[in-house]
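Chemist: There's a structure below that I have some questions on.
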2 protein chains.
Amino acid sequence: MRHLLLTAAAAASFVLPAYAAEPAPVPSPGEIAASAPASDWVAIAASDLLVMDLTPDATGKPRRVVIQLMPAPFSQGWIGNIRKLAAAHWWDGTSVNRVQDNYVAQWGDATEKKALPTGLATVPEQDYTVPVGQLVIHETPARGTKPSPHAPRGDGYAEFTRFSGGWPVAFDHAREWPLHCYGAVGVGRNMSPDTGAGAELYAVIGHAPRHLDRNIAVVGRVISGIEHLSSLPRGTGALGFYEDEKKRVPIASIRLADSLPAGQQPKFEYHSTESDSFARYADARANRRDPFFIKPAGGADICNIPVPVRPVAAK
Amino acid sequence: MRHLLLTAAAAASFVLPAYAAEPAPVPSPGEIAASAPASDWVAIAASDLLVMDLTPDATGKPRRVVIQLMPAPFSQGWIGNIRKLAAAHWWDGTSVNRVQDNYVAQWGDATEKKALPTGLATVPEQDYTVPVGQLVIHETPARGTKPSPHAPRGDGYAEFTRFSGGWPVAFDHAREWPLHCYGAVGVGRNMSPDTGAGAELYAVIGHAPRHLDRNIAVVGRVISGIEHLSSLPRGTGALGFYEDEKKRVPIASIRLADSLPAGQQPKFEYHSTESDSFARYADARANRRDPFFIKPAGGADICNIPVPVRPVAAK
């Protein structure tokens, strides 16, 4: 790409071929992740994928959103409820009801009258956080729980942040909690902290609303198809709710991927945040040295270091 | 709203009326800004507003995006070019060509062949920043340049951040620079830092890409109508460019507001970042105490403290 900037005369004046005349360009963060060895990528279990199919768009194109549920021990009470709601097909025929610019797209039963399945847990306030250092790593082989050596500097919301088991988290000396980064999926609730069952969910579609951390349960993140939520028309009512019922976006179905026929299960993998290649990726996000950049920042906020996730090619 | 959570029996058991039985609710940040005295709001000059009218949407609704240009001394070389481009009606008939999810919407001449007006400046790399503390406050009366007492803690990208003259900025001991927060408008360029004339512009429509600070010129921010950019379909080509020319969103016109007939000029004002009420607003953004919240964060990142801007009601 740098050659695009040379005039024809300047290009013709090169005596040495370009590959010798210029140093190799520094790889971008994306290139670092893409070239990481296969062993640095971790398959996501089908049982941890929530597949939301909106009705097709105006041109008939399908709109699939895939959500990865958080691993234990985070938010497991709500996630248990979500598994039951998906198994009951509870969301089928509900809708996306609220799209607030630079904030969230939210879905569930707009009538607020649909009966919930029996057996859902009421999850207490203390479960917004977990004891620090208790993260169970769902990786094979297990890689331990060492904090990333490239924890970002200067978080505005917490004493410490790190990547652990593929997720950005914050912690202090006692508790640890998940973060509201772009794409995070959380549990809507009423005023009392224990009122969110998991039936009303939202995805972050703007600048990370980290003030919600420890105030709302984060249960997962959108790993594919977020554009089907983030590009929806914004609601014109208070908080971005659609005032006109016809604007609501119907949900055809929400299923756990392992309940789909084997050939139809989406497969994804994430870049192990305990790998050396992820450390290089995170460092490159904080210090851009690829050719476009002139001033490496020397730091980054953790929500601006998205954990790479990619589909697994069919074999 | 707290009463919504009371059962009918609990509500009936109140002996004292609700306003005596419960402490007054703590105002939200938005409520603090809305109740600020009129003297804490600063009118934005029509000469600092760039009015972009996209062609109407499929239902015939107008799509107007209003951009506030940054005050001196920031990015003035590029802003001078932008004023000339608007005066020449250069953007009329160009289009939004690129919409990349969680990043930017970008507009300009997709053919890259349209001749620029004569007399545009080539702005050097050093103008991405300015000497620290040189901000000229465009307020009446002038309020000085004291840093906000509620500068957010823990920035991931700079030694210091503050609000100054209505804008979030970062600085070190020598230089000061504007930030890529949500809605920021910047100047697209090629690899060399001095190649951005100001004809190719973008707006941030995702998590603040602060790694671009000091690497690209920030020239303003969208203060109205960003949903007309942020809810556009994402481009499917590399970097979110529209692969199909028909997907491009035509720009009817871009004008400086002071070139519009007096009765048609949009009028906006911003919450003075030097006011006591803004300090309370910023503190409330960092420490949510309104009834929904259970854990005030104790801090915030500066891009999550958006400076309130509102239309001025016609008299």
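Letters for chains follow the order of the structure tokens (A, B, ...), residue numbers begin at 1 for each chain, and ligand numbers begin at 1 in the order shown.
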So which bits of segment 23-223 of chain B end up helix (DSSP H, G or I) when you DSSP the backbone, as a PyMOL selection string?

Modeler: chain B and resi 29-34+38-40+46-48+76-87+125-128+210-212

Chemist: Sorted by chain and rising residue number, which residues of chain B lie within 9 Å of chain A, and what are their closest atom pairs and distances in Å to one decimal, counting only C-alpha atoms, as a tab-separated table?

Modeler:
residue	atom	partner	partner_atom	distance
B:Met1	CA	A:Met191	CA	7.8
B:Arg2	CA	A:Met191	CA	6.5
B:Leu4	CA	A:Met191	CA	8.5
B:Leu5	CA	A:Met191	CA	7.2
B:Asp101	CA	A:Glu227	CA	6.5
B:Asn102	CA	A:Gly206	CA	7.3
B:Glu125	CA	A:Ile294	CA	8.9
B:Pro152	CA	A:Gly156	CA	7.0
B:Arg153	CA	A:Gly156	CA	5.3
B:Gly154	CA	A:Gly154	CA	4.0
B:Asp155	CA	A:Gly154	CA	4.9
B:Gly156	CA	A:Gly154	CA	4.6
B:Tyr157	CA	A:Gly299	CA	5.2
B:Ala158	CA	A:Ala297	CA	7.4
B:Cys181	CA	A:His207	CA	8.2
B:Tyr182	CA	A:His207	CA	6.5
B:Asn190	CA	A:Leu5	CA	7.8
B:Met191	CA	A:Phe292	CA	5.1
B:Ser192	CA	A:Phe292	CA	7.5
B:Pro193	CA	A:Ile294	CA	7.7
B:Ile205	CA	A:Gly206	CA	7.1
B:Gly206	CA	A:Gly206	CA	5.0
B:His207	CA	A:His207	CA	3.9
B:Ala208	CA	A:His207	CA	6.2
B:Pro209	CA	A:Asn304	CA	7.0
B:Arg210	CA	A:Ala300	CA	7.8
B:His211	CA	A:Ala297	CA	6.0
B:Leu212	CA	A:Phe293	CA	8.0
B:Asp213	CA	A:Ala297	CA	7.9
B:Arg214	CA	A:Lys295	CA	6.4
B:Asn215	CA	A:Ile294	CA	5.9
B:Ile216	CA	A:Phe293	CA	8.8
B:Ile226	CA	A:Asp101	CA	8.3
B:Glu227	CA	A:Asp101	CA	6.5
B:His228	CA	A:Pro233	CA	8.7
B:Ser230	CA	A:Ser231	CA	6.6
B:Ser231	CA	A:Ser231	CA	4.0
B:Leu232	CA	A:Ser231	CA	5.7
B:Pro233	CA	A:Ser231	CA	5.8
B:Arg234	CA	A:Glu227	CA	6.7
B:Arg285	CA	A:His211	CA	7.8
B:Ala286	CA	A:His211	CA	7.3
B:Asn287	CA	A:His211	CA	8.0
B:Arg288	CA	A:His211	CA	7.5
B:Pro291	CA	A:Met191	CA	7.1
B:Phe292	CA	A:Met191	CA	5.1
B:Phe293	CA	A:Asn215	CA	6.0
B:Ile294	CA	A:Asn215	CA	5.9
B:Lys295	CA	A:Asn215	CA	6.1
B:Pro296	CA	A:His211	CA	7.4
B:Ala297	CA	A:Tyr157	CA	5.6
B:Gly298	CA	A:Tyr157	CA	6.7
B:Gly299	CA	A:Tyr157	CA	5.2
B:Ala300	CA	A:Gly156	CA	4.7
B:Asp301	CA	A:Gly156	CA	4.9
B:Ile302	CA	A:Gly156	CA	8.3
B:Cys303	CA	A:His207	CA	7.8
B:Asn304	CA	A:Pro209	CA	7.0

Chemist: So that I can check the secondary structure, give me every residue of segment 14-93 of chain B assigned strand (DSSP E) by backbone DSSP, as a compact mmCIF listing (two decimals) with C-alpha atoms, in the first residue's frame.

Modeler:
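The resulting file, selection-v7.txt, is shown below:
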# COMPACT_ATOMS: atom_id res chain seq x y z
CA TRP B 41 -25.46 26.69 28.04
CA VAL B 42 -23.39 28.14 25.21
CA ALA B 43 -24.82 28.92 21.77
CA LEU B 49 -22.17 24.12 11.98
CA LEU B 50 -21.89 21.89 8.94
CA VAL B 51 -25.29 20.71 7.69
CA MET B 52 -25.27 17.46 5.70
CA ASP B 53 -28.51 16.49 4.00
CA LEU B 54 -28.57 12.93 2.72
CA ARG B 63 -32.11 12.73 6.73
CA ARG B 64 -30.18 15.66 8.14
CA VAL B 65 -26.87 15.29 9.98
CA VAL B 66 -25.51 18.36 11.81
CA ILE B 67 -21.80 18.56 12.62
CA GLN B 68 -20.18 21.04 14.99
CA LEU B 69 -16.70 22.04 13.81

Chemist: Determine, counting only C-alpha atoms, which protein, DNA and RNA residues have an atom within 8 Å of an atom of Leu120 of chain B; residues of the same chain fewer than 3 positions away are not included. Present the result as a list in words.

Modeler: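 Here the qualifying residues turn out to be Gly80, Asn81, Lys84, Leu116, Pro117 and Ala197 of chain B.
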
Chemist: Interatomic distance between atom CA of Asp40 of chain A and atom CA of Asp276 of chain A?

Modeler: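 Rounded to one decimal, the two atoms are 8.3 Å apart.
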
Chemist: What separation in Å, quoted to one decimal, exists between atom CA of Gly108 of chain A and atom CA of Glu200 of chain A?

Modeler: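 Separating atom CA of Gly108 of chain A from atom CA of Glu200 of chain A is a distance of 4.7 Å.
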
Chemist: What's around Tyr270 of chain A at 12 Å? Count only C-alpha atoms, leave out sequence neighbours fewer than 6 positions away in its own chain, and write the answer as a list in words.

Modeler: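 Counting only C-alpha atoms, the residues come to Ala33, Ala34, Ala36, Ala38, Ser39, Asp40, Trp41, Val42, Ala43, Ile44, Ala45, Gln68, His138, Glu139, Gly165, Gly166, Trp167, Ile223, Phe278, Pro306, Val307, Pro308, Val309, Arg310, Pro311 and Val312 of chain A.
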
Chemist: Would you compute the distance between atom CA of Trp177 of chain A and atom CA of Gln76 of chain A? Give it in Å to one decimal.

Modeler: 12.3 Å
